[in-house]
Every structure is written in C-alpha cells, then in structure tokens.
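Peer 1: Okay, here's the structure, questions in a sec.
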Amino acid sequence: MHELAPYIDHTLLTADATRAQLEKLCTEAIEHQFATVCVNGSRVELAYSLLEESDVQVCAVVGFPLGTMDADAKRYETEAAVDSGAGEIDMVMNIGLFKYGDLKTVINELNAVRKITTNKILKIIIETPLLSKSEIITASKIVEASGADFIKTSTGFNGIDTTTEDIRLIQSTIKSKLMIKASGGIKSLRQVKKVLAAGANRIGTS
C-alpha cells in the first residue's frame, strides 16, 4: 500500500460528512502519506489546519458535482478555496454546454480558472461516463489546451464507473505532459492497479 499512497487523493465529498469524519480523513492521509485529501469548499479551511504540518495537500472540488453553474460562480469558488488553503482544485467542466457544442464558453471557463490557479494544481473533470468516444477525445484536447495539470475522468456521482478503456483513450489523445486522474467506482486494490497500468497518474477514492 505504501508505494501506492502518493497516487491517491483521499476523498470525502458526501453532503452529510461530519467534522469527526473529516478529522479521520486527514489523520489517515497523514498516516499513509496520501497525495491529498479531497473535500468540498466549505471544508478546506479545517482540512488545511489539520494538514498544515504535513506534506499532504488539500484538494477542493469546484462546480461539484454537476458543473452547470455560471462561470463566475466557479471562479469565485476557486478563489475562495485557494484563499482557504487549497493546493489543488478539481473543477467539473460544464458538460451540458460541451455536449451541445458551446465549446467557446467551455474553453473560456477553463482558461479563467487556470488564471486563478497558476501556482496550484488544476484538474478538470470531464465526466467520461456521460461522453461518447469522440466527445472524450474533444474534451481531452480542450483540457490540454487550457494548460490544466490533470484531466479527471469522473465525479463518481453519476452512477457509472470509470473504465480503463476511457483512460487509454485519453492517454492516446493527449500530446503534452497533461496527467490523468482516475475517479469513479475505484474501491479495490485490484482496480487501483488496473487504472494505473492503463495510464492514470492519480486516483480519487473514498
């Protein structure tokens, strides 16, 4: 397990998560030396205070889980998370706008959030289970062009698991140093090893 720990974002995004659960999440992250704890924006400040003396970063989700809010709301949410101590941001792309072809608005939104996170890690969630293969390719190219650090497969909130085929498709599409975060239905050591072998660089799991 120790050799896999740096790949894992230890995640708690449920609506009813308690302070005790968050404290436990951070304690486990420090103990195992996970890459980050991934939490909702309102929990960033507490998580940061619990992790400040460790090497574990705080990752905040933005536009989660639907990604459909106004771009200004995502920018504000990103700024607030960074100000509260987040070192990494996982933002949900506007899937609806993307699917009906308003790529200009999607691109502008990604670029705006990238400007706020120039010295932070930015991951863009494209929700692969809701996309066709051609849409995954297009989304991957858009995320790559935005200068994001990672493309993330899924929120895990749509009821469909991430597949290794999706990860391989993304990997075959991108040409830069853009990395891949696999998330959604990854609950076992076997699954972790499979997605890493397929090309993932980070794992999101609760």
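Simple scheme: letters A, B, ... for chains in structure tokens order, numbers from 1 for residues in each chain, numbers from 1 for ligands in the order shown.
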I want to know what sits within 8 Å of stretch 117-133 of chain A, based on only C-alpha atoms, with residues of the same chain fewer than 3 positions away left out; could you give that as a count of residues only?
Peer 2: 30
Peer 1: So which residues touch A:Arg168 within 10 Å, counting only C-alpha atoms, skipping near sequence neighbours fewer than 6 positions away, as an mmCIF file with N, CA and C atoms, in the first residue's frame?
Peer 2:
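Written output follows (around22.cif):
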data_model
loop_
_atom_site.group_PDB
_atom_site.id
_atom_site.type_symbol
_atom_site.label_atom_id
_atom_site.label_comp_id
_atom_site.auth_asym_id
_atom_site.auth_seq_id
_atom_site.Cartn_x
_atom_site.Cartn_y
_atom_site.Cartn_z
ATOM 1 N N ILE A 180 -3.436 12.252 -15.909
ATOM 2 C CA ILE A 180 -4.786 11.708 -15.827
ATOM 3 C C ILE A 180 -5.095 11.308 -14.392
ATOM 4 N N VAL A 195 -6.096 0.775 -13.193
ATOM 5 C CA VAL A 195 -6.163 2.118 -13.784
ATOM 6 C C VAL A 195 -4.774 2.754 -13.870
ATOM 7 N N ALA A 197 -2.035 1.036 -14.424
ATOM 8 C CA ALA A 197 -1.437 0.354 -15.565
ATOM 9 C C ALA A 197 -1.976 0.894 -16.882
ATOM 10 N N ALA A 198 -3.221 1.372 -16.861
ATOM 11 C CA ALA A 198 -3.840 1.912 -18.077
ATOM 12 C C ALA A 198 -3.334 3.308 -18.418
ATOM 13 N N GLY A 199 -2.671 3.971 -17.442
ATOM 14 C CA GLY A 199 -2.104 5.284 -17.724
ATOM 15 C C GLY A 199 -2.465 6.374 -16.747
ATOM 16 N N ALA A 200 -3.230 6.058 -15.708
ATOM 17 C CA ALA A 200 -3.591 7.077 -14.724
ATOM 18 C C ALA A 200 -2.371 7.466 -13.882
#
Peer 1: Pick out the residues sitting within 9 Å of stretch 39-41 of chain A, and hand them over as a list in words; count only C-alpha atoms, and ignore anything fewer than 3 positions along from it in its own chain.
Peer 2: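 Near stretch 39-41 of chain A, the qualifying residues are His10, Thr11, Leu12, Leu13, Thr14, Ala15, Leu22, Val44, Glu45, Ala47, Val58, Cys59, Ala60, Val61, Val62, Phe64, Glu77, Thr78, Ala80, Ala81, Ser84 and Ala86 of chain A.
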Peer 1: May I have the residues from that selection written out with C-alpha atoms, as an mmCIF file, in the first residue's frame?
Peer 2:
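The file below, out.cif, is the result:
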data_model
loop_
_atom_site.group_PDB
_atom_site.id
_atom_site.type_symbol
_atom_site.label_atom_id
_atom_site.label_comp_id
_atom_site.auth_asym_id
_atom_site.auth_seq_id
_atom_site.Cartn_x
_atom_site.Cartn_y
_atom_site.Cartn_z
ATOM 1 C CA HIS A 10 -8.237 10.542 -0.126
ATOM 2 C CA THR A 11 -11.770 11.771 -0.729
ATOM 3 C CA LEU A 12 -14.791 12.791 1.355
ATOM 4 C CA LEU A 13 -17.480 14.651 -0.602
ATOM 5 C CA THR A 14 -20.772 13.456 0.897
ATOM 6 C CA ALA A 15 -23.318 16.083 1.925
ATOM 7 C CA LEU A 22 -13.036 14.898 8.170
ATOM 8 C CA VAL A 44 -10.985 23.388 3.011
ATOM 9 C CA GLU A 45 -10.061 25.678 5.911
ATOM 10 C CA ALA A 47 -8.630 20.362 6.398
ATOM 11 C CA VAL A 58 -5.779 19.928 0.374
ATOM 12 C CA CYS A 59 -7.713 19.420 -2.848
ATOM 13 C CA ALA A 60 -11.013 21.293 -3.238
ATOM 14 C CA VAL A 61 -13.770 20.458 -5.695
ATOM 15 C CA VAL A 62 -15.288 23.312 -7.708
ATOM 16 C CA PHE A 64 -19.253 19.890 -7.973
ATOM 17 C CA GLU A 77 -15.428 29.182 -5.629
ATOM 18 C CA THR A 78 -11.886 28.612 -6.872
ATOM 19 C CA ALA A 80 -12.246 31.078 -2.022
ATOM 20 C CA ALA A 81 -10.758 27.574 -1.940
ATOM 21 C CA SER A 84 -8.564 28.945 2.434
ATOM 22 C CA ALA A 86 -6.284 24.509 -1.188
#
Peer 1: Pick out each residue of stretch 118-205 of chain A that DSSP on the backbone tags as alpha helix (DSSP H); I need them as a ChimeraX atom specification.
Peer 2: /A:133-146,164-173,189-198
Peer 1: Considering only C-alpha atoms, can you say which of A:Thr27, A:Asn201, A:Thr36, A:Thr138 comes closest to A:Lys177?
Peer 2: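 For A:Lys177, the nearest of the given residues is A:Asn201.
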Peer 1: Just the residues within 9 Å of A:Ile142, please, counting only C-alpha atoms, with nothing from its chain fewer than 4 positions along; format it as a PDB file with N, CA and C atoms, in the first residue's frame.
Peer 2:
ATOM      1  N   LEU A 103     -18.489  25.233 -27.276  1.00  0.00           N
ATOM      2  CA  LEU A 103     -17.116  24.998 -26.842  1.00  0.00           C
ATOM      3  C   LEU A 103     -16.416  26.294 -26.439  1.00  0.00           C
ATOM      4  N   VAL A 106     -17.103  26.942 -22.811  1.00  0.00           N
ATOM      5  CA  VAL A 106     -16.376  25.951 -22.013  1.00  0.00           C
ATOM      6  C   VAL A 106     -14.893  26.312 -21.939  1.00  0.00           C
ATOM      7  N   ILE A 107     -14.314  26.636 -23.066  1.00  0.00           N
ATOM      8  CA  ILE A 107     -12.894  26.989 -23.123  1.00  0.00           C
ATOM      9  C   ILE A 107     -12.608  28.239 -22.294  1.00  0.00           C
ATOM     10  N   LEU A 110     -12.565  27.357 -18.571  1.00  0.00           N
ATOM     11  CA  LEU A 110     -11.341  26.647 -18.170  1.00  0.00           C
ATOM     12  C   LEU A 110     -10.161  27.615 -18.085  1.00  0.00           C
ATOM     13  N   ILE A 137     -12.398  12.488 -26.750  1.00  0.00           N
ATOM     14  CA  ILE A 137     -11.231  12.989 -27.481  1.00  0.00           C
ATOM     15  C   ILE A 137     -11.248  14.509 -27.552  1.00  0.00           C
ATOM     16  N   THR A 138     -12.402  15.080 -27.909  1.00  0.00           N
ATOM     17  CA  THR A 138     -12.518  16.545 -27.997  1.00  0.00           C
ATOM     18  C   THR A 138     -12.293  17.189 -26.636  1.00  0.00           C
ATOM     19  N   SER A 146      -6.016  24.150 -22.312  1.00  0.00           N
ATOM     20  CA  SER A 146      -6.237  25.105 -21.226  1.00  0.00           C
ATOM     21  C   SER A 146      -5.017  25.261 -20.332  1.00  0.00           C
TER      22      SER A 146
END
Peer 1: When distances are computed from only C-alpha atoms, which of A:Asn94, A:Ser134, A:Thr68, A:Asn111 shows the smallest separation from A:Ile170?
Peer 2: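 Distance minimum relative to A:Ile170 lands on A:Ser134.
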Peer 1: What separation in Å, quoted to one decimal, exists between atom CA of A:Ser54 and atom CA of A:Val192?
Peer 2: 24.3 Å
Peer 1: Can you pull out every residue from stretch 18-112 of chain A that DSSP, working from the backbone, puts in strand (DSSP E), and format the result as a list in words?
Peer 2: Thr36, Val37, Cys38, Val39, Gln57, Val58, Cys59, Ala60, Val61, Val62, Glu88, Ile89, Asp90, Met91 and Val92 of chain A
Peer 1: One decimal, in Å: what's the spacing between atom CA of A:Lys115 and atom CA of A:Ser172?
Peer 2: 26.9 Å
Peer 1: With distances taken over only C-alpha atoms, which of A:Ala71, A:Ile8, A:Leu189, A:Leu66 is nearest to A:Gln33?
Peer 2: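 Distance minimum relative to A:Gln33 lands on A:Ile8.
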Peer 1: One decimal, in Å: what's the spacing between atom CA of A:Gly147 and atom CA of A:Leu178?
Peer 2: 8.0 Å
Peer 1: Counting only C-alpha atoms, which residue out of A:Ala182, A:Ile30, A:Ile174, A:Ile116 sits closest to A:Tyr76?
Peer 2: A:Ile116
